[in-house]
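Shown next: protein-v4.txt, containing compact mmCIF, C-alpha atoms.
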# COMPACT_ATOMS: atom_id res chain seq x y z
CA MET A 1 -8.48 26.84 20.97
CA SER A 2 -9.36 23.47 19.40
CA HIS A 3 -7.50 22.35 16.28
CA THR A 4 -9.02 19.43 14.37
CA PRO A 5 -6.66 17.81 11.88
CA PRO A 6 -8.08 17.39 8.37
CA GLN A 7 -9.38 14.11 6.97
CA PRO A 8 -6.36 12.01 5.91
CA ARG A 9 -5.79 11.90 2.16
CA VAL A 10 -4.69 8.43 1.10
CA VAL A 11 -3.64 7.37 -2.40
CA VAL A 12 -3.49 3.71 -3.42
CA ALA A 13 -0.90 3.65 -6.22
CA TYR A 14 -0.73 0.22 -7.86
CA HIS A 15 -0.12 -1.80 -10.99
CA SER A 16 -2.25 -4.83 -11.82
CA GLY A 17 -1.38 -7.05 -14.76
CA TYR A 18 -4.32 -9.46 -14.64
CA GLY A 19 -6.76 -7.86 -12.20
CA HIS A 20 -5.75 -9.64 -8.99
CA THR A 21 -3.73 -6.75 -7.58
CA ALA A 22 -6.58 -4.40 -8.52
CA VAL A 23 -8.90 -6.45 -6.28
CA LEU A 24 -6.42 -5.97 -3.44
CA ALA A 25 -6.11 -2.24 -4.17
CA GLU A 26 -9.87 -1.92 -3.88
CA ALA A 27 -9.72 -3.65 -0.49
CA VAL A 28 -7.03 -1.22 0.68
CA ARG A 29 -9.32 1.61 -0.41
CA ARG A 30 -12.24 0.16 1.57
CA GLY A 31 -10.14 -0.21 4.70
CA ALA A 32 -8.87 3.33 4.42
CA GLU A 33 -12.33 4.76 3.82
CA LYS A 34 -13.76 2.88 6.79
CA ALA A 35 -11.09 4.52 8.94
CA GLY A 36 -12.12 7.96 7.72
CA ALA A 37 -9.75 8.67 4.85
CA TYR A 38 -10.43 10.43 1.59
CA VAL A 39 -9.04 7.87 -0.87
CA THR A 40 -7.89 8.09 -4.47
CA SER A 41 -6.83 5.05 -6.50
CA VAL A 42 -4.12 5.47 -9.13
CA ALA A 43 -3.22 2.83 -11.73
CA VAL A 44 0.46 3.68 -12.14
CA ASP A 45 0.73 2.39 -15.71
CA ALA A 46 -1.63 5.16 -16.80
CA VAL A 47 -0.96 7.92 -14.26
CA THR A 48 -2.17 11.37 -15.29
CA ASP A 49 -0.82 14.82 -14.41
CA ASP A 50 -3.77 15.31 -12.05
CA GLN A 51 -2.99 12.00 -10.34
CA TRP A 52 0.65 13.06 -9.88
CA ARG A 53 -0.70 16.14 -8.12
CA GLN A 54 -2.92 13.93 -5.94
CA LEU A 55 0.13 11.89 -4.97
CA ASP A 56 1.99 15.10 -4.11
CA ALA A 57 -0.92 16.26 -1.91
CA ALA A 58 -1.48 12.93 -0.13
CA ASP A 59 -0.85 12.32 3.56
CA ALA A 60 -0.21 8.62 2.86
CA VAL A 61 0.49 6.44 -0.17
CA VAL A 62 -0.03 2.68 -0.27
CA PHE A 63 2.00 1.12 -3.07
CA GLY A 64 0.94 -2.15 -4.71
CA SER A 65 2.50 -4.35 -7.37
CA PRO A 66 2.28 -7.96 -8.44
CA THR A 67 5.45 -9.97 -8.01
CA TYR A 68 6.76 -11.05 -11.41
CA MET A 69 9.98 -13.05 -11.76
CA GLY A 70 10.98 -12.33 -8.16
CA GLY A 71 10.29 -8.61 -8.02
CA ALA A 72 7.93 -5.74 -8.72
CA SER A 73 6.46 -5.44 -12.20
CA ALA A 74 8.12 -3.47 -14.97
CA ALA A 75 5.18 -1.07 -15.00
CA PHE A 76 5.67 -0.29 -11.33
CA HIS A 77 9.41 0.18 -11.85
CA ALA A 78 8.64 2.64 -14.65
CA PHE A 79 6.39 4.60 -12.28
CA ALA A 80 9.07 4.56 -9.59
CA GLU A 81 11.65 5.92 -12.03
CA ALA A 82 9.18 8.55 -13.27
CA SER A 83 8.85 9.79 -9.69
CA SER A 84 12.52 10.80 -9.56
CA GLY A 85 11.64 14.47 -9.94
CA ARG A 86 9.64 14.21 -6.72
CA TYR A 87 12.67 12.65 -5.08
CA LEU A 88 14.81 15.61 -6.09
CA THR A 89 12.35 18.17 -4.67
CA GLY A 90 11.34 16.13 -1.59
CA ALA A 91 7.68 16.32 -2.61
CA TRP A 92 6.81 13.05 -0.87
CA ALA A 93 9.05 13.44 2.18
CA ASP A 94 7.47 12.59 5.54
CA LYS A 95 4.33 11.09 4.04
CA ILE A 96 3.19 7.73 5.43
CA ALA A 97 3.89 4.81 3.05
CA ALA A 98 3.02 1.12 2.98
CA GLY A 99 2.88 -1.70 0.43
CA PHE A 100 1.24 -4.89 -0.76
CA THR A 101 1.90 -7.51 -3.41
CA ASN A 102 0.47 -10.66 -4.96
CA SER A 103 1.94 -13.72 -6.69
CA ALA A 104 0.82 -17.18 -7.71
CA SER A 105 3.00 -19.08 -5.25
CA LYS A 106 2.68 -19.01 -1.46
CA SER A 107 6.11 -17.40 -1.23
CA GLY A 108 6.84 -16.43 -4.82
CA ASP A 109 9.67 -14.17 -3.58
CA LYS A 110 7.06 -11.59 -2.56
CA LEU A 111 9.40 -10.28 0.12
CA ASN A 112 11.70 -8.95 -2.61
CA THR A 113 8.84 -6.83 -3.92
CA LEU A 114 7.85 -5.56 -0.47
CA ASN A 115 11.47 -4.69 0.31
CA PHE A 116 11.72 -2.83 -3.00
CA LEU A 117 8.57 -0.85 -2.18
CA ALA A 118 9.96 0.00 1.26
CA ALA A 119 13.31 1.07 -0.22
CA PHE A 120 11.50 3.15 -2.85
CA ALA A 121 9.56 4.90 -0.08
CA ALA A 122 12.74 5.40 1.95
CA GLN A 123 14.45 7.08 -1.00
CA HIS A 124 11.56 9.54 -1.02
CA HIS A 125 12.11 10.05 2.74
CA MET A 126 8.66 8.63 3.48
CA ILE A 127 7.67 6.98 6.78
CA TRP A 128 7.07 3.26 6.26
CA VAL A 129 4.24 1.50 8.10
CA GLY A 130 4.36 -2.29 8.35
CA LEU A 131 1.41 -4.63 8.38
CA GLY A 132 1.02 -4.69 12.15
CA LEU A 133 -0.39 -8.21 12.35
CA PRO A 134 0.95 -11.44 13.83
CA PRO A 135 1.42 -14.29 11.36
CA GLY A 136 -1.59 -16.51 10.75
CA TRP A 137 -1.98 -20.13 9.64
CA ASN A 138 1.18 -21.28 11.44
CA ALA A 139 -0.14 -23.66 14.11
CA LEU A 140 -2.25 -26.81 14.27
CA THR A 141 -5.13 -24.73 15.58
CA ALA A 142 -4.69 -22.08 12.87
CA ASP A 143 -6.62 -21.78 9.64
CA GLU A 144 -5.92 -20.61 6.09
CA ASN A 145 -8.61 -17.98 6.58
CA ASP A 146 -6.52 -16.22 9.25
CA LEU A 147 -5.46 -12.65 8.64
CA ASN A 148 -1.85 -12.53 7.41
CA ARG A 149 -2.08 -16.22 6.53
CA LEU A 150 1.18 -15.99 4.55
CA GLY A 151 3.13 -14.46 7.44
CA PHE A 152 4.49 -11.13 6.19
CA TRP A 153 5.52 -8.17 8.36
CA VAL A 154 6.97 -5.52 6.03
CA GLY A 155 3.69 -5.25 4.13
CA ALA A 156 0.78 -7.38 2.96
CA GLY A 157 1.30 -10.46 0.81
CA ALA A 158 -1.38 -12.27 -1.16
CA GLN A 159 -1.48 -15.46 -3.25
CA THR A 160 -3.72 -16.17 -6.22
CA PRO A 161 -3.57 -19.25 -8.49
CA GLN A 162 -1.84 -18.41 -11.76
CA ASP A 163 -4.74 -19.87 -13.73
CA GLY A 164 -7.45 -18.29 -11.56
CA GLY A 165 -9.56 -15.24 -12.30
CA VAL A 166 -10.07 -12.24 -10.07
CA GLU A 167 -12.72 -14.16 -8.15
CA THR A 168 -10.02 -16.51 -6.82
CA VAL A 169 -8.22 -13.82 -4.79
CA HIS A 170 -8.28 -15.33 -1.29
CA GLY A 171 -10.75 -13.80 1.15
CA ALA A 172 -8.17 -13.76 3.94
CA ASP A 173 -5.74 -11.85 1.73
CA ILE A 174 -8.46 -9.34 0.87
CA ALA A 175 -9.18 -8.87 4.58
CA THR A 176 -5.46 -8.52 5.30
CA VAL A 177 -4.92 -5.70 2.81
CA GLU A 178 -8.12 -4.05 4.01
CA HIS A 179 -6.55 -4.07 7.48
CA LEU A 180 -3.47 -2.41 5.95
CA GLY A 181 -5.61 0.40 4.52
CA THR A 182 -7.16 0.98 7.93
CA ARG A 183 -3.78 0.92 9.68
CA VAL A 184 -2.24 3.40 7.25
CA THR A 185 -5.16 5.79 7.73
CA GLU A 186 -4.95 5.57 11.50
CA GLN A 187 -1.21 6.27 11.43
CA ALA A 188 -1.66 9.17 9.00
CA ALA A 189 -4.37 10.65 11.23
CA ALA A 190 -2.20 10.27 14.34
CA LEU A 191 0.76 11.91 12.62
CA SER A 192 -1.42 14.76 11.37
CA ALA A 193 -2.91 15.27 14.84
CA GLY A 194 0.58 15.39 16.36
CA ARG A 195 1.76 17.94 13.82
CA THR A 196 -1.38 20.02 14.40
CA ALA A 197 -0.80 19.93 18.16
CA LEU A 198 2.84 20.95 17.77
CA ALA A 199 1.86 23.81 15.48
CA ALA A 200 -0.73 24.98 18.01
CA THR A 201 1.86 24.86 20.79
CA ALA A 202 4.33 26.86 18.75
CA ALA A 203 1.74 29.48 17.77

Now, as a test, write the supplied structure out as structure tokens.
Amino acid sequence: MSHTPPQPRVVVAYHSGYGHTAVLAEAVRRGAEKAGAYVTSVAVDAVTDDQWRQLDAADAVVFGSPTYMGGASAAFHAFAEASSGRYLTGAWADKIAAGFTNSASKSGDKLNTLNFLAAFAAQHHMIWVGLGLPPGWNALTADENDLNRLGFWVGAGAQTPQDGGVETVHGADIATVEHLGTRVTEQAAALSAGRTALAATAA
């Protein structure tokens, strides 16, 4: 008997202070949808009861926050702390998780934010998925339009000028986070297919 796993349900849960991270969240959504996911976007500074339920029902959650003063934004931290009830019940355990961030500087201590997002996911017993790309823009023959031009592995990092509008989000960074959305969906689908196969074997 054939068992087809359901369409992966992916939630992009993010905070955006000035719109730049929202542009990246939209790119994650596009990448996930192209890979076949059903995607919901959640602005975590205004999360509703229904959106909490969507997070609970998701197969994968991609977390996004700007990097402010060397770490995730206060609004994202408030969301993380508000999720503690889910931590206690294990509501998000064994879901796929990934993350992305943006700051004005090329480095900007973005790695601190990505590590925080990974630790947050680990506390929920989620399964972290890294970016899965080699570093770009790191050789004489390389170009700033390379995917992963800033050279992150834990998640996706983007850089936008502090005095630039949403239109200045770098195209390569947009493409990089779109890749992350696709990768998360593929991993969620593979995990779901494996679980479906195991259930069929045990039946």

Please build the interface table for range 72-188 of chain A against range 8-23 of chain A with a cut-off of 8 Å, listing for each qualifying residue the nearest atom pair and the distance in Å to one decimal; count all atoms listed in the file, order rows by chain and increasing number, and write it as a Markdown table.
| residue | atom | partner | partner_atom | distance |
| --- | --- | --- | --- | --- |
| A:Ser73 | CA | A:His15 | CA | 7.6 |
| A:Ala75 | CA | A:His15 | CA | 6.7 |
| A:Phe76 | CA | A:His15 | CA | 6.0 |
| A:Thr101 | CA | A:Thr21 | CA | 7.0 |
| A:Asn102 | CA | A:Thr21 | CA | 6.3 |
| A:Thr160 | CA | A:His20 | CA | 7.4 |
| A:Gly165 | CA | A:His20 | CA | 7.5 |
| A:Val166 | CA | A:His20 | CA | 5.2 |
| A:Val169 | CA | A:His20 | CA | 6.4 |
| A:Ile174 | CA | A:Val23 | CA | 7.7 |
| A:Thr185 | CA | A:Pro8 | CA | 6.6 |
| A:Ala188 | CA | A:Pro8 | CA | 6.3 |

Edge lengths and centre, in Å to one decimal, as lines of an AutoDock Vina configuration file: that's what I need for the box along x, y and z that holds all listed atoms of range 114-127 of chain A plus 6 Å on each side.
center_x = 11.1
center_y = 2.2
center_z = 1.9
size_x = 18.8
size_y = 27.6
size_z = 21.8

Worksheet item: For Leu114 in chain A, which residue out of A:Glu81, A:Met126, A:Gly132, A:Phe152 is the nearest one, using only C-alpha atoms?
Response: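 Using only C-alpha atoms, Leu114 in chain A sits closest to A:Phe152.
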
Item to complete: Calculate how many Å separate CA of Val47 in chain A from CA of Gly70 in chain A, rounding to one decimal.
Response: 24.3 Å

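Using all atoms listed in the file, the smallest distance between any of A:Leu133, A:Val62, A:Val184, A:Ala139 and Leu24 in chain A comes from A:Val62.
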